[in-house]
Structures are given as structure tokens and as C-alpha cells.
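See structure below.
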Amino acid sequence: MRITKPEWLHHDADKKKLTAIFSVDFHPDGQRLATGGMDNKVRIWSTHAITHNDAAQPHAPLATLAAHGGAVMCVRFSPNARYLASGADDTVVLIWEQDTHADYSGLGDGSLSEGSEVWRPVRRLAGHASDVCDLAWSPDARFLASCGLDNRVLIWDTRTFTQVAELTAHTQFVKGVTFDPAGKYVATQSDDKTLRIWRTSDWALHATVSAPFQDNIFSTYFRRPSWSPDGACIAAANAANGRVPVAAIVQRAAAWPTDLSFVGHHAAIEAVQFSPRIVSIDGTQSSVCAAAGQDRSVSVWLTSQPVPLTAATALFAGSVFDLAWHIPEPSSYENEDDPVVARLAACSFDGTVALLEFSRSELGSPIPIPDQGAMLAAHGWSRPYKSARTLADLHCSDGSNNDDEYDGNSDGRPRPIAET
């Protein structure tokens with residue numbers, strides 16, 4: 001495992017006083033990394049500049065997005081790579097799109113270096129009454145879920161970005177949300193010490209899981225859960241076994257049992273995140289999950305093993321708030337002896353970001369996409385998967401959110417911002 005912490009990646013101009021970074025996410029192509037921070041901004045960085053520490057690469061962000069009026073709590077790229085969603089404590093969700101037709105010479109603010117990108121807000125989703133804590137896109141990019149400190153979860157139809165559902169069973173702050181990769185459910189986690197599972201067919205409450213959280217005495221900024229890429233389980237943050245902080249594993253079964261957990265962190269877990277690809281290591285197929293939190297460490301687990309694969313302890317000087325994976329396509333490294341097969345980004349309250357890279361000898365190889373699709377089909381996934389070659393093929397290749405449904409201009413330029 002190789003760890004990189006670029007000193008130049010931060011959210012303020014004064015390196016002596018770093019500003020908290022609350023969220024991080026990879027673009028689906030892996031070439032960009034988005035961060036959201038306490039400075040009210042979203043920043044987009046070159047992954048190549050981070051991994052190679054290349055002096056020829058610009059160390060300034062590729063873009064700085066400054067339309068929020070409060071700290072940016074969450075950033076999430078859409079699975080089809082079209083949009084970037086950001087949620088903030090100004091109660092608003094913004095939908096951004098890259099403007100590839102921008103006239104850089106006419107921008108006039110002098111803040112963009114040559115080669116920088118221009119991203120514009122094309123939708124302003126105003127529905128929450130308090131801070132927006134977390135966001136999640138459905139696997140086909142058809143829906144966007146947002147949750148916040150108003151105890152609500154809002155569902156947005158991304159064809160029009162209108163609100164289509166409001167989920168209100170939680171009685172306290174909702175701090176995390178994740179979609180089922182098989183498309184049947186969305187799960188939300190709240191300070192009311194429950195994980196609630198909702199059907200996507202009618203947005204009705206399907207199940208409530210409370211057992212792993214009842215002994216919890218820990219307070220956290222977030223409770224970010226994650227669904228495994230085969231659809232078999234949910235990892236839930238800020239759970240407890242007695243007074244021991246754990247990440248609970250909620251299995252996909254009739255009663256949603258919670259017999260398993262990731263044990264090893266010494267303080268509350270803020271976020272868990274499954275890698276989007278199942279791997280085969282030593283002939284065994286497994287999902288890969290990262291966990292991080294207030295002990296300032298990041299652990300990585302295989303669902304086929306009872307102990308962590310690795311742990312980076314004391315990686316930060318503050319709590320770890322968010323995690324994001326990128327898995328390069330095998331075709332990009334087929335001639336390398338021991339290539340990097342996974343990258344994991346983590347961000348912290350201390351204002352820094354770490355990138356962990358895993359080689360094939362450490363993490364195995366991603367299984368073929370059709371094999372992963374077959375696992376999802378066992379849970380009701382109904383789309384064609386046998387000819388899929390990428391995650392985008394698997395989830396977004398049937399016309400969902402296609403150009404005919406896209407509410408942009410015919411020349412590909414994003415429309416001016418509209419409020420929904």
C-alpha cells in the first residue's frame with residue numbers, strides 16, 4: 001500500500017490554518033477528485049498530479065466552485081459522469097456540469113490557470129430546511145437522494161430534478177444515505193439510532209434496523225453507510241458492540257440480520273465505503289470495504305476475512321469524514337507486472353486528503369463485470385449485464401438519463417441555473 005498526502009491540496013490560502021474538508025469523491029473516470037470544505041467551496045483536483053507528484057502538473061485545483069453560501073458537506077459525481085452534486089449547510093443541493101465550451105480568456109477573474117476546467121451550476125435544489133449532510137445517486141443515475149438535519153430524506157428525479165418523494169420516518173438528524181446497487185432500495189442512517197431501508201418502487205419504508213446502534217454513546221458529524229457492490233449487505237457507520245465502536249454489517253435477508261461487524265477502531269466510525277468492484281484474491285471472491293472515523297485512522301476489510309486487510313493508523317490529525325474509491329479498468333494496466341488496482345481517498349477535519357493505492361498483489365483483481373452483474377441479478381437487478389464491460393455499461397447503458405431526456409442546450413452547453 002502506497003500513501004500520498006499532498007501538502008498543496010487544501011481549502012484555503014493560508015497553509016498555517018487549514019480548513020476542514022468534509023467530503024471527497026472520484027469522477028467515474030478516475031482523473032478528477034472533488035472535495036467539499038468548510039470554506040463554502042467545491043474544488044476539483046487532478047488525480048494524476050496527486051499520484052505522481054509531478055512538478056509539471058498544476059498544483060492548483062482544476063476548478064473551484066463557489067456558489068454555496070455555507071460549508072459544503074458532501075460532493076458526489078453521478079455514475080454516468082454527467083453531473084457533480086454538492087450539498088451544504090446553506091440547505092441547498094447544487095447540480096454542476098462541466099462547460100467544455102467556456103471561453104477561458106473571457107472569464108476575467110484571473111483565477112484559472114491554463115488547462116483549468118469550468119463547471120457551472122445548472123440546478124439549485126431547494127427543499128431542505130437545514131444542513132444537507134449526505135447525497136447518493138441511484139446506480140443508474142435516475143434518482144438523487146439528499147438527507148439532512150431537518151430529519152428528512154428527499155428524492156429527486158434527475159430527468160427534471162424535481163422532488164418526487166419525501167421520506168420522513170426518522171425522528172432525528174439524518175446523516176447518511178446509500179442506494180442498493182440492485183436498484184430495489186435506498187438506506188438512510190440517523191441520529192435516532194436507526195438504519196431505515198426504503199423501497200424504490202414506491203418510496204415506502206421497508207425495514208428498520210436498530211439493534212447495532214442502541215448501545216451507541218458516540219456523537220458524530222456523519223453516519224455514512226455503504227451498500228456492497230454485490231447487493232448482499234450494508235455497512236453502517238457509528239454502530240457499537242457494548243462500548244466498542246464498530247461498523248455494523250446488515251445482511252440482505254428477510255429480517256436484515258446484524259450478526260457481523262468490523263471491529264478494530266478505537267473511536268466512533270464516521271463513514272464506511274465499499275469499493276464498487278468485487279475482487280478475486282487467492283481464488284476467493286470478496287467485497288472490499290473501508291472504514292474511518294474519530295480515531296483518525298482508515299481500515300480496509302475483505303468481507304471474506306474476519307480481520308482487516310490493512311489499517312493506516314493515525315493517518316490524520318483530526319477525524320476522518322469521508323471515503324471514496326476508484327477502480328481502474330483492467331485494460332489500463334494489462335501489461336504491468338503488479339499494477340495499482342484500486343485507489344482510496346480519505347478526507348479529514350484537519351484539512352488534508354490522503355490517497356491510498358493498492359496493487360494487485362495486495363488486493364487481487366476485479367472480477368469481470370458480467371459476473372458482478374449476475375450477483376446483482378440474484379437480488380432482482382433486471383438490466384442486461386452479460387455484455388457489460390464497465391460499471392457504466394452495467395448500470396447506465398439502457399437509455400436511462402440519455403440525451404433525449406437531458407434538459408440542456410442542444411450544443412451541449414449547460415443551461416443557466418434553475419431553482420427546483
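Letters A, B, ... go to the chains of the C-alpha cells in the order shown; residues in each chain start at 1; ligands are counted from 1 in the same order.
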
> Residues of range 5-127 of chain A in strand (DSSP E or B) according to DSSP, as a ChimeraX atom specification?
Replying inline: /A:21-26,32-37,42-46,63-65,72-77,84-88,92-98,119-126

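Residues surrounding Ser146 in chain A within 6 Å are Asp134, Leu135, Val153 and Leu154 of chain A [only C-alpha atoms; sequence separation below 4 positions excluded].
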
If you run DSSP on the backbone, which residues of range 14-229 of chain A are alpha helix (DSSP H), as a PDB file with N, CA and C atoms, in the first residue's frame?
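Just written: selection14.pdb:
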ATOM      1  N   THR A  47      -6.177  13.903 -10.383  1.00  0.00           N
ATOM      2  CA  THR A  47      -5.693  12.702  -9.695  1.00  0.00           C
ATOM      3  C   THR A  47      -4.251  12.399 -10.091  1.00  0.00           C
ATOM      4  N   HIS A  48      -3.923  12.645 -11.348  1.00  0.00           N
ATOM      5  CA  HIS A  48      -2.555  12.382 -11.819  1.00  0.00           C
ATOM      6  C   HIS A  48      -1.556  13.231 -11.044  1.00  0.00           C
ATOM      7  N   ALA A  49      -1.894  14.492 -10.806  1.00  0.00           N
ATOM      8  CA  ALA A  49      -0.993  15.359 -10.054  1.00  0.00           C
ATOM      9  C   ALA A  49      -0.787  14.850  -8.633  1.00  0.00           C
ATOM     10  N   ILE A  50      -1.828  14.251  -8.050  1.00  0.00           N
ATOM     11  CA  ILE A  50      -1.729  13.722  -6.691  1.00  0.00           C
ATOM     12  C   ILE A  50      -0.855  12.470  -6.661  1.00  0.00           C
ATOM     13  N   THR A  51      -1.129  11.546  -7.571  1.00  0.00           N
ATOM     14  CA  THR A  51      -0.452  10.247  -7.525  1.00  0.00           C
ATOM     15  C   THR A  51       0.998  10.317  -7.993  1.00  0.00           C
ATOM     16  N   HIS A  52       1.299  11.238  -8.903  1.00  0.00           N
ATOM     17  CA  HIS A  52       2.652  11.301  -9.463  1.00  0.00           C
ATOM     18  C   HIS A  52       3.495  12.423  -8.865  1.00  0.00           C
TER      19      HIS A  52
END

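Proximity of A:Gln214, A:Asn241, A:Asn80, A:Ser299 to Leu344 in chain A, computed with only C-alpha atoms, is greatest for A:Ser299.
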
> Between A:His265, A:Arg360, A:His326, A:Arg76, which is the closest to Ser280 in chain A once you count only C-alpha atoms?
Replying inline: A:Arg360

>> I need the residue nearest Ser382 in chain A from this list: A:Arg343, A:Lys184, A:Arg252, A:Arg224. Use only C-alpha atoms for the distance.
In response: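 Nearest to Ser382 in chain A: A:Lys184.
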
Per residue of range 177-245 of chain A within 10 Å of range 311-325 of chain A, which atom pair is closest and at what distance in Å (one decimal), using only C-alpha atoms, listed by chain and increasing number, as CSV?
residue,atom,partner,partner_atom,distance
A:Thr220,CA,A:Phe321,CA,9.3
A:Tyr221,CA,A:Phe321,CA,7.7
A:Phe222,CA,A:Phe321,CA,7.1
A:Arg223,CA,A:Phe321,CA,9.2
A:Arg224,CA,A:Asp322,CA,7.8

Kindly save the residues from that selection, with C-alpha atoms included, as a PDB file, in the first residue's frame.
ATOM      1  CA  THR A 220     -20.518  12.045  15.088  1.00  0.00           C
ATOM      2  CA  TYR A 221     -20.682  14.639  12.314  1.00  0.00           C
ATOM      3  CA  PHE A 222     -21.845  11.939   9.879  1.00  0.00           C
ATOM      4  CA  ARG A 223     -23.220   8.413   9.762  1.00  0.00           C
ATOM      5  CA  ARG A 224     -22.330   7.488   6.194  1.00  0.00           C
TER       6      ARG A 224
END

>> Which residues are near Asp12 in chain A? Cut-off 12 Å, only C-alpha atoms, ignore same chain within fewer than 5 positions. Put them as a PyMOL selection string.
In response: chain A and resi 7+17-21+36-43+60-61+64+351-352
